[in-house]
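Here is run_37.cif, consisting of mmCIF, C-alpha atoms:
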```
data_target
loop_
_atom_site.label_atom_id
_atom_site.label_comp_id
_atom_site.auth_asym_id
_atom_site.auth_seq_id
_atom_site.Cartn_x
_atom_site.Cartn_y
_atom_site.Cartn_z
CA MET Y 1 224.76 -20.18 -6.34
CA SER Y 2 221.64 -18.39 -5.13
CA GLU Y 3 219.90 -19.37 -1.91
CA ARG Y 4 216.80 -20.35 -3.92
CA ARG Y 5 218.89 -22.65 -6.13
CA GLU Y 6 220.54 -24.25 -3.09
CA GLN Y 7 217.11 -24.90 -1.57
CA GLY Y 8 215.93 -26.28 -4.92
CA ASP Y 9 218.89 -28.64 -5.10
CA THR Y 10 218.18 -29.88 -1.58
CA THR Y 11 214.47 -30.42 -2.28
CA ARG Y 12 215.16 -32.05 -5.64
CA ARG Y 13 217.65 -34.47 -4.09
CA ARG Y 14 215.25 -35.30 -1.23
CA THR Y 15 212.45 -35.98 -3.74
CA LEU Y 16 214.16 -37.60 -6.73
CA GLY Y 17 217.34 -38.95 -5.14
CA ASP Y 18 221.02 -38.15 -5.54
CA VAL Y 19 221.57 -40.56 -8.44
CA HIS Y 20 219.04 -38.82 -10.68
CA VAL Y 21 220.15 -35.31 -9.71
CA ASP Y 22 223.84 -36.11 -10.13
CA ARG Y 23 223.15 -37.58 -13.56
CA SER Y 24 221.22 -34.48 -14.63
CA GLN Y 25 223.91 -32.18 -13.24
CA SER Y 26 226.43 -33.72 -15.61
CA ALA Y 27 224.57 -32.19 -18.56
CA GLY Y 28 226.79 -30.41 -21.03
CA ALA Y 29 227.38 -26.68 -21.21
CA PHE Y 30 224.44 -26.22 -23.57
CA SER Y 31 221.97 -27.83 -21.13
CA GLN Y 32 223.39 -26.35 -17.92
CA PRO Y 33 221.29 -23.13 -18.00
CA PHE Y 34 218.14 -25.27 -18.32
CA VAL Y 35 219.19 -27.43 -15.34
CA GLU Y 36 219.77 -24.29 -13.30
CA LEU Y 37 216.37 -22.86 -14.32
CA ILE Y 38 214.54 -26.06 -13.34
CA THR Y 39 216.44 -26.37 -10.07
CA GLU Y 40 215.71 -22.79 -9.04
CA ALA Y 41 212.17 -22.38 -10.42
CA ALA Y 42 210.53 -25.81 -10.12
CA TRP Y 43 212.43 -27.09 -7.10
CA GLY Y 44 213.46 -23.87 -5.34
CA HIS Y 45 210.18 -21.98 -5.71
CA VAL Y 46 207.41 -24.55 -6.23
CA TRP Y 47 208.51 -27.83 -4.63
CA SER Y 48 210.22 -26.07 -1.70
CA SER Y 49 207.09 -24.15 -0.71
CA ASP Y 50 205.42 -25.24 2.51
CA ALA Y 51 201.97 -24.33 1.11
CA ILE Y 52 201.34 -27.89 -0.11
CA PRO Y 53 202.88 -30.96 1.55
CA PRO Y 54 205.16 -33.18 -0.59
CA ARG Y 55 202.59 -36.01 -0.71
CA GLU Y 56 199.91 -33.80 -2.24
CA ARG Y 57 202.41 -32.03 -4.50
CA SER Y 58 203.51 -35.43 -5.76
CA MET Y 59 199.92 -36.44 -6.53
CA LEU Y 60 199.30 -33.17 -8.37
CA THR Y 61 202.45 -33.62 -10.41
CA LEU Y 62 201.56 -37.19 -11.35
CA ALA Y 63 198.05 -36.17 -12.39
CA ILE Y 64 199.33 -33.32 -14.55
CA LEU Y 65 202.00 -35.46 -16.19
CA ALA Y 66 199.49 -38.23 -16.88
CA ALA Y 67 196.95 -35.79 -18.31
CA LEU Y 68 199.66 -34.45 -20.65
CA GLY Y 69 200.85 -37.94 -21.55
CA ASN Y 70 204.38 -37.16 -20.35
CA TRP Y 71 205.14 -40.77 -19.38
CA GLU Y 72 208.92 -40.52 -19.01
CA GLU Y 73 208.62 -37.73 -16.44
CA PHE Y 74 205.61 -39.53 -14.91
CA GLU Y 75 207.75 -42.61 -14.25
CA LEU Y 76 210.41 -40.45 -12.59
CA HIS Y 77 207.85 -38.88 -10.27
CA LEU Y 78 206.15 -42.22 -9.65
CA ARG Y 79 209.47 -43.58 -8.36
CA ALA Y 80 209.76 -40.47 -6.18
CA THR Y 81 206.58 -41.33 -4.28
CA VAL Y 82 208.70 -43.44 -1.91
CA ASN Y 83 210.25 -40.12 -0.84
CA THR Y 84 207.12 -37.96 -0.89
CA GLY Y 85 204.81 -40.24 1.06
CA ALA Y 86 202.24 -40.73 -1.70
CA SER Y 87 200.92 -44.29 -1.48
CA ALA Y 88 199.83 -46.59 -4.27
CA GLN Y 89 196.23 -45.76 -3.34
CA ASP Y 90 197.02 -42.02 -3.59
CA VAL Y 91 198.42 -42.53 -7.08
CA GLN Y 92 195.43 -44.66 -8.05
CA GLN Y 93 193.03 -41.92 -6.91
CA ALA Y 94 195.01 -39.23 -8.76
CA LEU Y 95 194.86 -41.32 -11.94
CA MET Y 96 191.13 -41.85 -11.52
CA HIS Y 97 190.77 -38.06 -11.51
CA VAL Y 98 192.83 -37.90 -14.68
CA ALA Y 99 190.57 -40.49 -16.29
CA ILE Y 100 187.48 -38.44 -15.52
CA TYR Y 101 188.78 -34.94 -16.20
CA ALA Y 102 191.38 -35.52 -18.92
CA GLY Y 103 189.73 -38.46 -20.67
CA VAL Y 104 189.87 -42.17 -19.99
CA PRO Y 105 192.49 -42.86 -22.69
CA ARG Y 106 195.05 -40.88 -20.67
#
```
Structure rendered as structure tokens:
Amino acid sequence: MSERREQGDTTRRRTLGDVHVDRSQSAGAFSQPFVELITEAAWGHVWSSDAIPPRERSMLTLAILAALGNWEEFELHLRATVNTGASAQDVQQALMHVAIYAGVPR
């Protein structure tokens, strides 16, 4: 396992929780390369960077997912706000931005 993947696994677990990560790790052989890609790229490179604090990164992620209408992933990241420090007001403000810039129906 690469150092970047190890860091990604640590960050992913801290953000989404062990239950979710363990469940996703049990993906079959076909899905395993995708899980490794996400863990290393999204969590090891992006989420593990110190350039943006977890609270703000969480708000960005929620806004993007809402703008794309990706509600299943949105719900996952909404639950993760208890671990990232984003408050209900933070989420509300992020969604107000989505309403203005991505269209009120979103």
Build an axis-aligned box that encloses every atom of stretch 20-37 of chain Y listed in the file, pad it by 8 Å on each side, and report its centre and edge lengths in Å to one decimal, as JSON.
```
{"center_x": 221.9, "center_y": -30.8, "center_z": -16.6, "size_x": 27.0, "size_y": 32.0, "size_z": 29.9}
```
- Hey, what comes out of the PyMOL selection byres ((chain Y and resi 7-23) around 6) on this file? Could you write it as a PyMOL selection string? chain Y and resi 4-6+24-26+39-40+43-44+80+83
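Shell of Y:Ala94 at 10 Å, with only C-alpha atoms counted and residues fewer than 2 places along the chain excluded, is Y:Glu56, Y:Ser58, Y:Met59, Y:Leu60, Y:Thr61, Y:Leu62, Y:Ala63, Y:Ile64, Y:Ala66, Y:Ala88, Y:Gln89, Y:Asp90, Y:Val91, Y:Gln92, Y:Met96, Y:His97, Y:Val98, Y:Ala99.
Closest to Y:Met1 among Y:Leu37, Y:Val46, Y:Ala67, Y:Gly85 is Y:Leu37, based on all atoms listed in the file.
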- Interatomic distance, atom CA of Y:Arg55 to atom CA of Y:Ala86 (Å, one decimal): 4.8 Å
- Could you please determine the separation between atom CA of Y:Val82 and atom CA of Y:Val104 in Å, to one decimal place? 26.1 Å
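Atom CA of Y:Ser87 lies 11.9 Å from atom CA of Y:Pro54.
Across Y:Trp71, Y:His77, Y:Ile100, Y:Glu3, the tightest approach to Y:His45 is made by Y:Glu3 when counting all atoms listed in the file.
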Only N, CA, C and O atoms, please: stretch 1-31 of chain Y from the block, as a compact mmCIF listing (two decimals), in the first residue's frame.
```txt
# COMPACT_ATOMS: atom_id res chain seq x y z
N MET Y 1 0.85 -1.18 0.00
CA MET Y 1 0.00 0.00 0.00
C MET Y 1 0.90 1.24 0.00
O MET Y 1 1.83 1.34 0.79
N SER Y 2 0.60 2.18 -0.88
CA SER Y 2 1.40 3.40 -0.97
C SER Y 2 1.14 4.30 0.24
O SER Y 2 0.10 4.20 0.91
N GLU Y 3 2.07 5.18 0.50
CA GLU Y 3 1.92 6.14 1.59
C GLU Y 3 0.70 7.04 1.36
O GLU Y 3 -0.04 7.35 2.29
N ARG Y 4 0.49 7.43 0.09
CA ARG Y 4 -0.65 8.29 -0.25
C ARG Y 4 -1.97 7.56 0.02
O ARG Y 4 -2.92 8.14 0.51
N ARG Y 5 -2.01 6.28 -0.28
CA ARG Y 5 -3.23 5.50 -0.04
C ARG Y 5 -3.47 5.33 1.46
O ARG Y 5 -4.60 5.41 1.92
N GLU Y 6 -2.40 5.10 2.22
CA GLU Y 6 -2.54 5.00 3.68
C GLU Y 6 -3.09 6.29 4.26
O GLU Y 6 -3.99 6.27 5.10
N GLN Y 7 -2.54 7.43 3.79
CA GLN Y 7 -3.04 8.73 4.26
C GLN Y 7 -4.50 8.91 3.86
O GLN Y 7 -5.31 9.38 4.64
N GLY Y 8 -4.83 8.51 2.63
CA GLY Y 8 -6.21 8.60 2.16
C GLY Y 8 -7.16 7.77 3.01
O GLY Y 8 -8.26 8.21 3.34
N ASP Y 9 -6.74 6.58 3.37
CA ASP Y 9 -7.58 5.71 4.21
C ASP Y 9 -7.80 6.35 5.57
O ASP Y 9 -8.93 6.37 6.08
N THR Y 10 -6.75 6.93 6.14
CA THR Y 10 -6.87 7.60 7.44
C THR Y 10 -7.82 8.78 7.35
O THR Y 10 -8.72 8.94 8.20
N THR Y 11 -7.66 9.61 6.35
CA THR Y 11 -8.52 10.80 6.18
C THR Y 11 -9.96 10.39 5.90
O THR Y 11 -10.90 10.97 6.45
N ARG Y 12 -10.14 9.39 5.07
CA ARG Y 12 -11.48 8.92 4.73
C ARG Y 12 -12.20 8.39 5.97
O ARG Y 12 -13.37 8.69 6.20
N ARG Y 13 -11.48 7.62 6.78
CA ARG Y 13 -12.07 7.09 8.01
C ARG Y 13 -12.41 8.20 8.99
O ARG Y 13 -13.46 8.18 9.62
N ARG Y 14 -11.53 9.20 9.11
CA ARG Y 14 -11.77 10.33 10.01
C ARG Y 14 -13.00 11.13 9.55
O ARG Y 14 -13.77 11.62 10.37
N THR Y 15 -13.20 11.22 8.25
CA THR Y 15 -14.29 12.03 7.70
C THR Y 15 -15.61 11.27 7.64
O THR Y 15 -16.65 11.77 8.07
N LEU Y 16 -15.58 10.07 7.08
CA LEU Y 16 -16.82 9.32 6.82
C LEU Y 16 -17.13 8.27 7.87
O LEU Y 16 -18.26 7.79 7.94
N GLY Y 17 -16.15 7.89 8.66
CA GLY Y 17 -16.35 6.89 9.70
C GLY Y 17 -15.95 5.49 9.25
O GLY Y 17 -16.00 5.15 8.06
N ASP Y 18 -15.55 4.69 10.22
CA ASP Y 18 -15.08 3.33 9.95
C ASP Y 18 -16.16 2.45 9.33
O ASP Y 18 -15.86 1.64 8.45
N VAL Y 19 -17.40 2.59 9.77
CA VAL Y 19 -18.47 1.72 9.26
C VAL Y 19 -18.61 1.87 7.75
O VAL Y 19 -18.65 0.87 7.02
N HIS Y 20 -18.68 3.09 7.28
CA HIS Y 20 -18.81 3.32 5.84
C HIS Y 20 -17.59 2.80 5.09
O HIS Y 20 -17.73 2.12 4.07
N VAL Y 21 -16.41 3.13 5.57
CA VAL Y 21 -15.19 2.72 4.87
C VAL Y 21 -15.05 1.21 4.85
O VAL Y 21 -14.73 0.62 3.82
N ASP Y 22 -15.31 0.57 5.98
CA ASP Y 22 -15.23 -0.89 6.03
C ASP Y 22 -16.20 -1.53 5.05
O ASP Y 22 -15.87 -2.50 4.37
N ARG Y 23 -17.40 -0.98 4.97
CA ARG Y 23 -18.41 -1.51 4.05
C ARG Y 23 -17.93 -1.35 2.60
O ARG Y 23 -18.06 -2.26 1.79
N SER Y 24 -17.34 -0.22 2.27
CA SER Y 24 -16.88 0.00 0.90
C SER Y 24 -15.65 -0.84 0.59
O SER Y 24 -15.43 -1.20 -0.56
N GLN Y 25 -14.86 -1.15 1.60
CA GLN Y 25 -13.66 -1.96 1.39
C GLN Y 25 -14.01 -3.41 1.06
O GLN Y 25 -13.20 -4.13 0.48
N SER Y 26 -15.21 -3.82 1.42
CA SER Y 26 -15.61 -5.20 1.16
C SER Y 26 -16.15 -5.38 -0.26
O SER Y 26 -16.74 -6.40 -0.58
N ALA Y 27 -15.93 -4.39 -1.10
CA ALA Y 27 -16.36 -4.48 -2.51
C ALA Y 27 -15.65 -5.66 -3.16
O ALA Y 27 -14.55 -6.04 -2.77
N GLY Y 28 -16.28 -6.22 -4.14
CA GLY Y 28 -15.71 -7.38 -4.82
C GLY Y 28 -14.46 -7.04 -5.61
O GLY Y 28 -14.05 -5.89 -5.70
N ALA Y 29 -13.87 -8.07 -6.19
CA ALA Y 29 -12.63 -7.91 -6.94
C ALA Y 29 -12.78 -6.92 -8.09
O ALA Y 29 -11.86 -6.17 -8.39
N PHE Y 30 -13.95 -6.90 -8.72
CA PHE Y 30 -14.18 -5.99 -9.84
C PHE Y 30 -14.11 -4.53 -9.39
O PHE Y 30 -13.56 -3.68 -10.07
N SER Y 31 -14.67 -4.23 -8.22
CA SER Y 31 -14.74 -2.85 -7.72
C SER Y 31 -13.50 -2.42 -6.97
O SER Y 31 -13.30 -1.22 -6.75
```
